[in-house]
Structures are given as structure tokens and as C-alpha cells.
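Structure data follow from run_4.txt (compact mmCIF, N, CA and C atoms):
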# COMPACT_ATOMS: atom_id res chain seq x y z
N MET A 569 -2.54 -46.91 29.46
CA MET A 569 -3.21 -47.62 28.38
C MET A 569 -2.21 -48.58 27.73
N SER A 570 -2.63 -49.77 27.50
CA SER A 570 -1.72 -50.74 26.91
C SER A 570 -1.53 -50.47 25.43
N LYS A 571 -0.36 -50.78 24.95
CA LYS A 571 -0.05 -50.58 23.53
C LYS A 571 -0.79 -51.57 22.66
N ARG A 572 -1.24 -52.65 23.24
CA ARG A 572 -1.91 -53.70 22.49
C ARG A 572 -3.18 -53.22 21.81
N GLY A 573 -3.96 -52.36 22.46
CA GLY A 573 -5.23 -51.90 21.93
C GLY A 573 -5.10 -50.83 20.86
N ARG A 574 -3.94 -50.27 20.74
CA ARG A 574 -3.76 -49.18 19.78
C ARG A 574 -3.34 -49.71 18.42
N GLY A 575 -3.91 -49.15 17.39
CA GLY A 575 -3.53 -49.52 16.04
C GLY A 575 -2.49 -48.57 15.50
N LYS A 576 -2.07 -48.81 14.29
CA LYS A 576 -1.10 -47.92 13.65
C LYS A 576 -1.75 -46.57 13.39
N ARG A 577 -0.95 -45.53 13.49
CA ARG A 577 -1.46 -44.19 13.27
C ARG A 577 -0.54 -43.44 12.33
N GLY A 578 -1.06 -42.39 11.73
CA GLY A 578 -0.24 -41.51 10.89
C GLY A 578 0.39 -42.24 9.73
N VAL A 579 1.65 -41.92 9.48
CA VAL A 579 2.37 -42.47 8.34
C VAL A 579 2.41 -43.99 8.43
N ALA A 580 2.56 -44.53 9.64
CA ALA A 580 2.66 -45.98 9.80
C ALA A 580 1.43 -46.71 9.27
N SER A 581 0.26 -46.10 9.38
CA SER A 581 -0.95 -46.79 8.94
C SER A 581 -1.04 -46.88 7.42
N CYS A 582 -0.26 -46.09 6.71
CA CYS A 582 -0.28 -46.14 5.24
C CYS A 582 0.99 -46.76 4.68
N SER A 583 1.84 -47.32 5.54
CA SER A 583 3.14 -47.78 5.08
C SER A 583 3.09 -49.12 4.35
N LYS A 584 2.11 -49.95 4.64
CA LYS A 584 2.05 -51.22 3.93
C LYS A 584 1.10 -51.13 2.75
N LYS A 585 1.39 -51.89 1.75
CA LYS A 585 0.56 -51.92 0.54
C LYS A 585 -0.75 -52.63 0.86
N MET A 586 -1.85 -51.97 0.55
CA MET A 586 -3.16 -52.56 0.82
C MET A 586 -3.63 -53.35 -0.40
N ARG A 587 -4.41 -54.38 -0.11
CA ARG A 587 -4.99 -55.17 -1.19
C ARG A 587 -6.10 -54.38 -1.86
N GLU A 588 -6.42 -54.75 -3.06
CA GLU A 588 -7.47 -54.07 -3.84
C GLU A 588 -8.81 -54.05 -3.12
N ASP A 589 -9.15 -55.15 -2.45
CA ASP A 589 -10.44 -55.22 -1.77
C ASP A 589 -10.48 -54.36 -0.50
N GLU A 590 -9.33 -53.92 -0.01
CA GLU A 590 -9.27 -53.03 1.16
C GLU A 590 -9.43 -51.56 0.77
N LEU A 591 -9.29 -51.26 -0.49
CA LEU A 591 -9.34 -49.88 -0.96
C LEU A 591 -10.78 -49.44 -1.21
N HIS A 592 -11.53 -49.39 -0.14
CA HIS A 592 -12.90 -48.92 -0.20
C HIS A 592 -13.24 -48.29 1.14
N VAL A 593 -13.91 -47.16 1.09
CA VAL A 593 -14.32 -46.49 2.32
C VAL A 593 -15.81 -46.20 2.23
N ASP A 594 -16.50 -46.37 3.34
CA ASP A 594 -17.93 -46.08 3.41
C ASP A 594 -18.14 -44.75 4.11
N PHE A 595 -19.30 -44.16 3.89
CA PHE A 595 -19.63 -42.87 4.49
C PHE A 595 -20.96 -42.96 5.21
N ASP A 596 -21.07 -42.22 6.33
CA ASP A 596 -22.33 -42.20 7.07
C ASP A 596 -23.26 -41.15 6.46
N ASP A 597 -24.38 -40.88 7.13
CA ASP A 597 -25.37 -39.93 6.61
C ASP A 597 -24.83 -38.50 6.53
N ASP A 598 -23.82 -38.18 7.36
CA ASP A 598 -23.21 -36.85 7.34
C ASP A 598 -22.04 -36.77 6.36
N MET A 599 -21.85 -37.84 5.59
CA MET A 599 -20.79 -37.95 4.60
C MET A 599 -19.39 -37.96 5.21
N LEU A 600 -19.29 -38.48 6.42
CA LEU A 600 -18.00 -38.67 7.08
C LEU A 600 -17.59 -40.12 6.90
N ALA A 601 -16.29 -40.33 6.69
CA ALA A 601 -15.79 -41.69 6.50
C ALA A 601 -16.08 -42.52 7.74
N MET A 602 -16.40 -43.78 7.51
CA MET A 602 -16.69 -44.69 8.61
C MET A 602 -16.22 -46.08 8.24
N GLY A 603 -16.20 -46.95 9.20
CA GLY A 603 -15.85 -48.34 8.94
C GLY A 603 -14.39 -48.64 9.17
N LYS A 604 -14.02 -49.82 8.74
CA LYS A 604 -12.69 -50.38 8.99
C LYS A 604 -11.55 -49.52 8.39
N GLN A 605 -11.77 -48.92 7.25
CA GLN A 605 -10.72 -48.18 6.56
C GLN A 605 -10.72 -46.68 6.86
N LYS A 606 -11.53 -46.25 7.80
CA LYS A 606 -11.67 -44.83 8.13
C LYS A 606 -10.33 -44.16 8.44
N SER A 607 -9.53 -44.76 9.31
CA SER A 607 -8.26 -44.13 9.70
C SER A 607 -7.25 -44.18 8.57
N LYS A 608 -7.26 -45.23 7.78
CA LYS A 608 -6.33 -45.30 6.64
C LYS A 608 -6.70 -44.27 5.58
N PHE A 609 -7.99 -44.05 5.41
CA PHE A 609 -8.47 -43.03 4.49
C PHE A 609 -7.99 -41.65 4.95
N ALA A 610 -8.13 -41.36 6.24
CA ALA A 610 -7.70 -40.08 6.79
C ALA A 610 -6.19 -39.91 6.66
N SER A 611 -5.43 -40.96 6.93
CA SER A 611 -3.97 -40.91 6.79
C SER A 611 -3.58 -40.68 5.33
N TRP A 612 -4.25 -41.39 4.44
CA TRP A 612 -3.97 -41.22 3.01
C TRP A 612 -4.20 -39.77 2.59
N LEU A 613 -5.29 -39.20 3.06
CA LEU A 613 -5.60 -37.81 2.72
C LEU A 613 -4.50 -36.88 3.23
N GLY A 614 -4.12 -37.02 4.48
CA GLY A 614 -3.08 -36.16 5.04
C GLY A 614 -1.76 -36.27 4.30
N LEU A 615 -1.35 -37.49 4.01
CA LEU A 615 -0.09 -37.69 3.30
C LEU A 615 -0.16 -37.16 1.87
N THR A 616 -1.28 -37.35 1.23
CA THR A 616 -1.45 -36.85 -0.15
C THR A 616 -1.42 -35.34 -0.18
N LEU A 617 -2.08 -34.71 0.77
CA LEU A 617 -2.09 -33.25 0.83
C LEU A 617 -0.68 -32.71 1.05
N ARG A 618 0.05 -33.31 1.96
CA ARG A 618 1.40 -32.82 2.27
C ARG A 618 2.34 -33.03 1.11
N ALA A 619 2.12 -34.08 0.34
CA ALA A 619 2.99 -34.35 -0.80
C ALA A 619 2.67 -33.48 -2.02
N ARG A 620 1.42 -33.09 -2.19
CA ARG A 620 1.02 -32.42 -3.44
C ARG A 620 0.61 -30.96 -3.31
N PHE A 621 0.41 -30.49 -2.09
CA PHE A 621 0.00 -29.11 -1.88
C PHE A 621 1.12 -28.38 -1.14
N PRO A 622 1.80 -27.45 -1.82
CA PRO A 622 2.92 -26.75 -1.19
C PRO A 622 2.50 -26.03 0.09
N TYR A 623 3.28 -26.22 1.14
CA TYR A 623 2.94 -25.64 2.44
C TYR A 623 3.12 -24.13 2.49
N HIS A 624 3.92 -23.59 1.59
CA HIS A 624 4.21 -22.15 1.64
C HIS A 624 3.15 -21.31 0.90
N ILE A 625 2.15 -21.96 0.31
CA ILE A 625 1.08 -21.24 -0.37
C ILE A 625 -0.18 -21.35 0.48
N PRO A 626 -0.83 -20.23 0.80
CA PRO A 626 -2.07 -20.29 1.59
C PRO A 626 -3.14 -21.17 0.91
N THR A 627 -3.88 -21.88 1.72
CA THR A 627 -4.88 -22.83 1.22
C THR A 627 -5.87 -22.18 0.26
N ASN A 628 -6.30 -20.96 0.54
CA ASN A 628 -7.30 -20.30 -0.31
C ASN A 628 -6.72 -19.84 -1.65
N LYS A 629 -5.43 -19.99 -1.87
CA LYS A 629 -4.80 -19.59 -3.13
C LYS A 629 -4.72 -20.73 -4.15
N PHE A 630 -5.03 -21.96 -3.73
CA PHE A 630 -5.01 -23.07 -4.67
C PHE A 630 -6.23 -22.97 -5.59
N ASP A 631 -6.02 -23.25 -6.87
CA ASP A 631 -7.14 -23.15 -7.81
C ASP A 631 -8.11 -24.33 -7.64
N LYS A 632 -9.32 -24.12 -8.11
CA LYS A 632 -10.38 -25.12 -7.95
C LYS A 632 -10.03 -26.44 -8.63
N GLN A 633 -9.29 -26.39 -9.71
CA GLN A 633 -8.93 -27.61 -10.43
C GLN A 633 -8.04 -28.52 -9.58
N ARG A 634 -7.17 -27.94 -8.78
CA ARG A 634 -6.30 -28.74 -7.90
C ARG A 634 -7.16 -29.53 -6.91
N TRP A 635 -8.17 -28.86 -6.34
CA TRP A 635 -9.07 -29.54 -5.40
C TRP A 635 -9.90 -30.59 -6.12
N GLU A 636 -10.36 -30.28 -7.31
CA GLU A 636 -11.15 -31.24 -8.10
C GLU A 636 -10.32 -32.48 -8.41
N ASN A 637 -9.05 -32.28 -8.78
CA ASN A 637 -8.17 -33.41 -9.06
C ASN A 637 -7.95 -34.28 -7.83
N LEU A 638 -7.84 -33.64 -6.66
CA LEU A 638 -7.69 -34.39 -5.41
C LEU A 638 -8.92 -35.28 -5.19
N TRP A 639 -10.11 -34.72 -5.38
CA TRP A 639 -11.33 -35.50 -5.20
C TRP A 639 -11.39 -36.67 -6.18
N LEU A 640 -11.06 -36.41 -7.44
CA LEU A 640 -11.11 -37.47 -8.45
C LEU A 640 -10.11 -38.58 -8.13
N GLU A 641 -8.95 -38.21 -7.63
CA GLU A 641 -7.95 -39.21 -7.26
C GLU A 641 -8.45 -40.04 -6.08
N ALA A 642 -9.01 -39.38 -5.06
CA ALA A 642 -9.55 -40.10 -3.90
C ALA A 642 -10.68 -41.02 -4.33
N LYS A 643 -11.53 -40.53 -5.17
CA LYS A 643 -12.68 -41.30 -5.64
C LYS A 643 -12.22 -42.56 -6.37
N ASP A 644 -11.21 -42.41 -7.20
CA ASP A 644 -10.68 -43.54 -7.95
C ASP A 644 -9.91 -44.50 -7.05
N TYR A 645 -9.02 -43.98 -6.22
CA TYR A 645 -8.17 -44.81 -5.37
C TYR A 645 -8.98 -45.60 -4.35
N TRP A 646 -9.97 -44.94 -3.74
CA TRP A 646 -10.76 -45.56 -2.67
C TRP A 646 -12.08 -46.14 -3.16
N ASN A 647 -12.28 -46.24 -4.46
CA ASN A 647 -13.50 -46.84 -5.03
C ASN A 647 -14.77 -46.20 -4.48
N ILE A 648 -14.78 -44.88 -4.44
CA ILE A 648 -15.97 -44.15 -3.99
C ILE A 648 -16.90 -44.05 -5.19
N LEU A 649 -18.12 -44.51 -5.03
CA LEU A 649 -19.01 -44.68 -6.17
C LEU A 649 -19.75 -43.43 -6.62
N ASP A 650 -19.97 -42.46 -5.73
CA ASP A 650 -20.70 -41.27 -6.15
C ASP A 650 -20.05 -40.00 -5.57
N ASP A 651 -20.62 -38.86 -5.91
CA ASP A 651 -20.04 -37.58 -5.49
C ASP A 651 -20.68 -37.01 -4.22
N LYS A 652 -21.52 -37.77 -3.56
CA LYS A 652 -22.18 -37.27 -2.35
C LYS A 652 -21.19 -36.78 -1.28
N PRO A 653 -20.10 -37.52 -1.02
CA PRO A 653 -19.17 -37.08 0.04
C PRO A 653 -18.20 -35.96 -0.40
N LYS A 654 -18.27 -35.54 -1.63
CA LYS A 654 -17.29 -34.59 -2.18
C LYS A 654 -17.19 -33.30 -1.36
N HIS A 655 -18.30 -32.69 -1.05
CA HIS A 655 -18.29 -31.40 -0.34
C HIS A 655 -17.61 -31.53 1.03
N VAL A 656 -17.99 -32.54 1.79
CA VAL A 656 -17.41 -32.74 3.12
C VAL A 656 -15.93 -33.11 3.00
N PHE A 657 -15.59 -33.96 2.03
CA PHE A 657 -14.21 -34.36 1.80
C PHE A 657 -13.33 -33.14 1.52
N LEU A 658 -13.78 -32.28 0.60
CA LEU A 658 -12.98 -31.10 0.25
C LEU A 658 -12.89 -30.11 1.42
N LYS A 659 -13.95 -29.99 2.17
CA LYS A 659 -13.92 -29.12 3.35
C LYS A 659 -12.87 -29.61 4.35
N LYS A 660 -12.86 -30.93 4.59
CA LYS A 660 -11.87 -31.51 5.50
C LYS A 660 -10.45 -31.37 4.94
N ALA A 661 -10.30 -31.54 3.64
CA ALA A 661 -8.97 -31.41 3.01
C ALA A 661 -8.44 -29.99 3.16
N LYS A 662 -9.28 -29.01 2.94
CA LYS A 662 -8.85 -27.62 3.07
C LYS A 662 -8.48 -27.29 4.52
N LYS A 663 -9.25 -27.80 5.46
CA LYS A 663 -8.94 -27.58 6.88
C LYS A 663 -7.63 -28.26 7.24
N ASN A 664 -7.41 -29.46 6.71
CA ASN A 664 -6.18 -30.18 6.95
C ASN A 664 -4.98 -29.38 6.45
N CYS A 665 -5.07 -28.81 5.25
CA CYS A 665 -3.98 -27.99 4.70
C CYS A 665 -3.72 -26.77 5.58
N THR A 666 -4.77 -26.11 5.99
CA THR A 666 -4.64 -24.92 6.83
C THR A 666 -4.02 -25.28 8.18
N ASP A 667 -4.48 -26.37 8.77
CA ASP A 667 -3.94 -26.81 10.07
C ASP A 667 -2.46 -27.17 9.97
N TRP A 668 -2.07 -27.82 8.88
CA TRP A 668 -0.67 -28.21 8.66
C TRP A 668 0.21 -26.97 8.55
N ARG A 669 -0.24 -26.01 7.79
CA ARG A 669 0.48 -24.74 7.64
C ARG A 669 0.62 -24.04 8.99
N SER A 670 -0.44 -24.02 9.76
CA SER A 670 -0.43 -23.39 11.08
C SER A 670 0.52 -24.10 12.03
N LYS A 671 0.52 -25.42 11.96
CA LYS A 671 1.41 -26.20 12.82
C LYS A 671 2.87 -25.89 12.50
N LEU A 672 3.21 -25.85 11.22
CA LEU A 672 4.59 -25.52 10.84
C LEU A 672 4.98 -24.13 11.34
N TYR A 673 4.08 -23.19 11.20
CA TYR A 673 4.36 -21.83 11.67
C TYR A 673 4.54 -21.81 13.20
N ARG A 674 3.60 -22.40 13.89
CA ARG A 674 3.58 -22.36 15.35
C ARG A 674 4.79 -23.09 15.95
N GLU A 675 5.12 -24.27 15.42
CA GLU A 675 6.17 -25.09 16.03
C GLU A 675 7.57 -24.85 15.49
N TYR A 676 7.67 -24.16 14.35
CA TYR A 676 8.99 -23.97 13.78
C TYR A 676 9.31 -22.50 13.48
N VAL A 677 8.53 -21.87 12.64
CA VAL A 677 8.82 -20.50 12.23
C VAL A 677 8.81 -19.56 13.42
N LYS A 678 7.81 -19.67 14.24
CA LYS A 678 7.64 -18.77 15.39
C LYS A 678 8.80 -18.86 16.39
N VAL A 679 9.43 -20.01 16.47
CA VAL A 679 10.54 -20.20 17.41
C VAL A 679 11.89 -20.26 16.70
N ASN A 680 11.92 -19.76 15.47
CA ASN A 680 13.15 -19.69 14.66
C ASN A 680 13.84 -21.04 14.48
N GLU A 681 13.06 -22.04 14.20
CA GLU A 681 13.61 -23.36 13.89
C GLU A 681 13.15 -23.76 12.50
N GLU A 682 13.76 -24.81 11.97
CA GLU A 682 13.39 -25.31 10.64
C GLU A 682 12.88 -26.74 10.75
N PRO A 683 11.81 -27.07 10.03
CA PRO A 683 11.22 -28.40 10.11
C PRO A 683 11.85 -29.43 9.18
N PHE A 684 12.89 -29.04 8.44
CA PHE A 684 13.39 -29.88 7.35
C PHE A 684 14.05 -31.17 7.82
N ASP A 685 14.60 -31.20 9.04
CA ASP A 685 15.18 -32.44 9.53
C ASP A 685 14.10 -33.47 9.85
N LYS A 686 13.01 -33.02 10.43
CA LYS A 686 11.93 -33.92 10.81
C LYS A 686 11.08 -34.32 9.60
N TYR A 687 10.81 -33.37 8.72
CA TYR A 687 9.97 -33.61 7.54
C TYR A 687 10.83 -33.52 6.30
N LYS A 688 11.44 -34.65 5.95
CA LYS A 688 12.43 -34.71 4.85
C LYS A 688 11.85 -34.31 3.49
N TYR A 689 10.55 -34.46 3.30
CA TYR A 689 9.94 -34.17 2.00
C TYR A 689 9.70 -32.67 1.77
N LEU A 690 9.88 -31.84 2.80
CA LEU A 690 9.72 -30.39 2.61
C LEU A 690 10.95 -29.84 1.92
N ASP A 691 10.75 -28.95 0.97
CA ASP A 691 11.90 -28.36 0.29
C ASP A 691 12.24 -27.02 0.88
Target format C-alpha cells, applied to this file:
Amino acid sequence: MSKRGRGKRGVASCSKKMREDELHVDFDDDMLAMGKQKSKFASWLGLTLRARFPYHIPTNKFDKQRWENLWLEAKDYWNILDDKPKHVFLKKAKKNCTDWRSKLYREYVKVNEEPFDKYKYLD
């Protein structure tokens, strides 16, 4: 596959400052992000979760207010006009946190390695 057809992914897709008019995401009937900003929205969510939700605390131990604050921040940052996508958004956010925790365990803890060199923001 040629590199030409591939867009930026992961951290790289959120590395440049977006214009105000780009900070909008649309949702389909299933309340899943769609459109041009879909991947940037997903990257933003992943980076925000990793920065604000400690990896050493199980996902189900975070209080409801923390999740509510995440939704309000996403709603404000991405100019989401209503709360229809909230349930699906929070479900995906919780799964993302759980998957991240599992990945760290599987790829580092289980093999007696530390992720701190690769992920500088982990304490």
C-alpha cells in the first residue's frame, strides 16, 4: 500500500493546531462520529483520556463526575450541539480506558518491562 493514501494517525493527527471551523464533528444515526473530523475526534479522545485518567486506577473506579466533565469538555471543544451522542461517547471512552490499561499490562507488566521510555507522560 502506498504511503500517499494514508493520512496522519494517532498523536500525529492531533499535533497541529486546528482552526475554529474545523472543531466540529457530526454523528450518524447510531451516534458514532462521522465525517471529515472523525479520526481527529477519536485521536483527541484517546489523548485526552491518557492525559487525564490515571492508568493505574481501574476504569470502573472513576467517579461519574469525571466522566461528565469529559463529556462537557468534548461537547464544548468539538461544538457538539446536543447530548444525543453522550451515551455512546462515554461507552467508547470507558472502553478506550480499559483497552489502554490492558495494553500496558499485556505489553509491559506481563513481560517485566516498563513503558516509561516510550510513553514519557506516564509517571
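Each of A:Pro653, A:Gly603, A:Pro683, A:Pro622 was checked against Arg669 of chain A using all atoms listed in the file; the smallest atom-to-atom distance is that of A:Pro622.
When atom N of Leu591 of chain A is paired with atom CA of Gln605 of chain A, their separation reads 7.8 Å.
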Between A:His592, A:Lys606, A:Lys654, A:Arg587, which residue has the minimum interatomic distance to Trp639 of chain A, considering all atoms listed in the file? A:Lys654
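Minimum atom-to-atom distances from A:Glu681, A:Glu590, A:Asp597, A:Glu636 to Phe609 of chain A were compared using only C-alpha atoms, and the lowest value belongs to A:Glu590.
Here atom N of Phe621 of chain A is placed at a distance of 18.5 Å from atom CA of Lys608 of chain A.
Of the residues listed (A:Leu600, A:Thr616, A:Asn647, A:Pro626), A:Leu600 shows the shortest atom-to-atom separation from Lys659 of chain A; distances use only C-alpha atoms.
With only N, CA and C atoms as the atoms that count, the residue of A:Lys643, A:His624, A:Trp668, A:Arg618 with the shortest distance to Tyr689 of chain A is A:Arg618.
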Measure the distance from atom N of Ile648 of chain A to atom CA of Val593 of chain A in Å and round it to one decimal. 7.0 Å
Minimum-distance residue to Ala619 of chain A, chosen among A:Leu672, A:Leu690, A:Leu658, A:Leu638 (using only C-alpha atoms): A:Leu690
If you run DSSP on the backbone here, which positions in chain A get helix (DSSP H, G or I)? Please write them as an NGL selection string. :A and (571-573 or 578-582 or 588-590 or 606-620 or 627-629 or 632-645 or 654-677)
Excluding Lys652 of chain A and any residue of its chain fewer than 4 positions from it, enumerate the residues within 8 Å of it, using all atoms listed in the file, and give them as a PDB file with N, CA and C atoms, in the coordinates of the input.
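Output file result08.pdb is given in full below:
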ATOM      1  N   ASP A 598     -23.820 -38.180   7.360  1.00  0.00           N
ATOM      2  CA  ASP A 598     -23.210 -36.850   7.340  1.00  0.00           C
ATOM      3  C   ASP A 598     -22.040 -36.770   6.360  1.00  0.00           C
ATOM      4  N   MET A 599     -21.850 -37.840   5.590  1.00  0.00           N
ATOM      5  CA  MET A 599     -20.790 -37.950   4.600  1.00  0.00           C
ATOM      6  C   MET A 599     -19.390 -37.960   5.210  1.00  0.00           C
ATOM      7  N   ILE A 648     -14.780 -44.880  -4.440  1.00  0.00           N
ATOM      8  CA  ILE A 648     -15.970 -44.150  -3.990  1.00  0.00           C
ATOM      9  C   ILE A 648     -16.900 -44.050  -5.190  1.00  0.00           C
ATOM     10  N   VAL A 656     -17.990 -32.540   1.790  1.00  0.00           N
ATOM     11  CA  VAL A 656     -17.410 -32.740   3.120  1.00  0.00           C
ATOM     12  C   VAL A 656     -15.930 -33.110   3.000  1.00  0.00           C
ATOM     13  N   PHE A 657     -15.590 -33.960   2.030  1.00  0.00           N
ATOM     14  CA  PHE A 657     -14.210 -34.360   1.800  1.00  0.00           C
ATOM     15  C   PHE A 657     -13.330 -33.140   1.520  1.00  0.00           C
TER      16      PHE A 657
END
